[in-house]
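Worksheet for the structure shown next.
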Amino acid sequence: MNRALLLVMSLLLVPRLLMAEDYIGIFSDASGTSCELAPGYSTTATVVHFSGGSTGSRFRVALSPGSALFGFNSPFVTTGLLTTDMSVGYGQCLVGTFAVGTIVANWLPGVAAVVAIDGMPFITFTDCQANEFPAIGGYAYVGLHGDRCFFVDPLATEHSTWGHVKALYR
C-alpha cells in the first residue's frame with residue numbers, strides 16, 4: 001500500500017519537478033538574447049517568457065527611473081496596467097520561449113525589471129494544468145552594461161548597502 005501511494009505521488013510530482021523554472025524578463029527584442037536596451041524612444045523592448053508550459057502570467061514592470069510608458073502591445077488577452085498589475089492569458093498551453101508583448105516607452109538610463117505585483121511575494125504563471133506557480137523575473141539595463149538578466153544568484157545573497165549591513169549588528 002505504501003509503495004503504491006509513493007509511486008502515485010512521485011508520478012504526480014515528477015513532471016513539475018523536471019520542468020525548469022519559468023522566467024519572464026525584458027529584452028531588446030523577441031529573441032530574448034539581450035537585456036540591454038538603448039535609451040530613448042523604443043517600440044522593440046519585449047517582455048519574453050521562457051516556459052516549460054504555461055497558459056498565462058501575472059507581473060508588473062518597474063521602468064527605469066524617469067522613463068515614460070506609452071503602451072504595451074500583446075497578441076494575448078491582457079488585463080490591468082503594465083506598471084501596476086498585468087495579467088496575461090495565452091489562450092493555450094505554450095512551451096519554450098515566446099514574446100508576451102512589446103513595450104512602447106521613452107527609456108531613460110537605469111535598470112528596469114519584471115517584478116511581482118504589490119502585495120504578492122512573487123511573479124506568477126499558470127501551468128498547462130491550471131496550477132499557479134512562482135516565476136523568476138528579470139532585469140533590463142537601459143544604457144548600461146548588465147551581467148545578468150534574471151534574478152537568479154548562484155550564491156543566493158541579497159544586495160545590500162554597507163550601512164544596512166552595519167545596522168544589523170547595532
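Here, A, B, ... name the chains of the C-alpha cells in the order displayed, residue numbers run from 1 inside each chain, and ligands are numbered from 1 in the same displayed order.
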
DSSP-assigned strand (DSSP E or B) members of region 14-167 of chain A, reported as an NGL selection string: :A and (23-27 or 36-37 or 40-62 or 68-73 or 77-81 or 85-107 or 110-115 or 123-126 or 132-142 or 150)

Residues within 8 Å of region 51-56 of chain A, only C-alpha atoms, excluding chain neighbours under 5 positions, as a PyMOL selection string: chain A and resi 19-23+87-97+125-128+130

Output of the above residues as a PDB file, in the first residue's frame, restricted to C-alpha atoms:
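File out22.pdb, as written:
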ATOM      1  CA  MET A  19      10.333  21.316 -15.665  1.00  0.00           C
ATOM      2  CA  ALA A  20      12.749  24.216 -15.439  1.00  0.00           C
ATOM      3  CA  GLU A  21      11.529  27.294 -13.606  1.00  0.00           C
ATOM      4  CA  ASP A  22       9.730  29.836 -15.740  1.00  0.00           C
ATOM      5  CA  TYR A  23      11.482  33.164 -16.358  1.00  0.00           C
ATOM      6  CA  SER A  87      -2.424  39.608 -16.157  1.00  0.00           C
ATOM      7  CA  VAL A  88      -1.905  37.897 -19.499  1.00  0.00           C
ATOM      8  CA  GLY A  89      -3.915  34.909 -20.729  1.00  0.00           C
ATOM      9  CA  TYR A  90      -2.207  32.999 -23.549  1.00  0.00           C
ATOM     10  CA  GLY A  91      -5.321  31.098 -24.662  1.00  0.00           C
ATOM     11  CA  GLN A  92      -3.419  27.818 -24.965  1.00  0.00           C
ATOM     12  CA  CYS A  93      -0.508  25.948 -23.409  1.00  0.00           C
ATOM     13  CA  LEU A  94       2.713  27.490 -24.733  1.00  0.00           C
ATOM     14  CA  VAL A  95       6.099  25.832 -24.289  1.00  0.00           C
ATOM     15  CA  GLY A  96       9.506  27.359 -24.990  1.00  0.00           C
ATOM     16  CA  THR A  97      10.470  30.992 -25.476  1.00  0.00           C
ATOM     17  CA  PHE A 125       2.471  31.879 -14.116  1.00  0.00           C
ATOM     18  CA  THR A 126      -0.279  29.347 -14.704  1.00  0.00           C
ATOM     19  CA  ASP A 127       0.867  25.953 -15.949  1.00  0.00           C
ATOM     20  CA  CYS A 128      -0.970  23.850 -18.519  1.00  0.00           C
ATOM     21  CA  ALA A 130      -4.282  25.470 -14.464  1.00  0.00           C
TER      22      ALA A 130
END

Non-local contacts of region 29-33 of chain A (12 Å; only C-alpha atoms; under 5 positions in same chain excluded) as a PyMOL selection string: chain A and resi 23-24+38+42-50+74+96-103+138-140+148-150

Let's have the selection written as a compact mmCIF listing (two decimals), in the first residue's frame, with C-alpha atoms.
# COMPACT_ATOMS: atom_id res chain seq x y z
CA TYR A 23 11.48 33.16 -16.36
CA ILE A 24 9.89 36.40 -17.51
CA ALA A 38 19.18 51.67 -25.73
CA SER A 42 11.55 52.42 -28.35
CA THR A 43 8.85 50.09 -29.61
CA THR A 44 11.02 46.95 -29.57
CA ALA A 45 11.61 46.30 -25.86
CA THR A 46 9.90 42.96 -25.36
CA VAL A 47 8.61 41.03 -22.35
CA VAL A 48 9.71 37.43 -23.04
CA HIS A 49 8.53 34.30 -21.20
CA PHE A 50 10.83 31.24 -21.06
CA SER A 74 0.39 41.93 -26.88
CA GLY A 96 9.51 27.36 -24.99
CA THR A 97 10.47 30.99 -25.48
CA PHE A 98 7.82 33.43 -26.63
CA ALA A 99 7.11 37.16 -26.62
CA VAL A 100 4.36 38.22 -24.23
CA GLY A 101 4.29 41.72 -25.73
CA THR A 102 6.26 44.80 -26.66
CA ILE A 103 6.70 47.89 -24.53
CA GLY A 138 14.44 39.68 -14.91
CA TYR A 139 16.36 42.91 -15.24
CA ALA A 140 16.77 45.16 -18.27
CA ARG A 148 22.77 39.01 -15.62
CA CYS A 149 19.27 39.23 -16.98
CA PHE A 150 17.47 37.18 -14.32

Long-range neighbours of Val114 (chain A) as a list of chain:residue names, 7 Å cut-off, only C-alpha atoms, 5 positions minimum in chain: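 Selected residues are A:Ile24, A:Gly25, A:Ile26, A:Phe59, A:Arg60, A:Val61, A:Ala62, A:Gly137, A:Gly138, A:Tyr139.
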
Those in region 7-154 of chain A with helix (DSSP H, G or I) from DSSP, as a PyMOL selection string: chain A and resi 7-18

Residue among A:Thr83, A:Gly71, A:Ser57, A:Gly40 lying closest to Ala113 (chain A), counting only C-alpha atoms: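 Of all the options, A:Thr83 lies closest to Ala113 (chain A).
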
Computed interatomic separation between CA of Pro39 (chain A) and CA of Gly146 (chain A) (Å): 14.0 Å

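Among the candidates A:His145, A:Arg58, A:Met86, A:Ala68, the residue lying nearest to Pro121 (chain A) is A:Arg58 (atoms considered: only C-alpha atoms).
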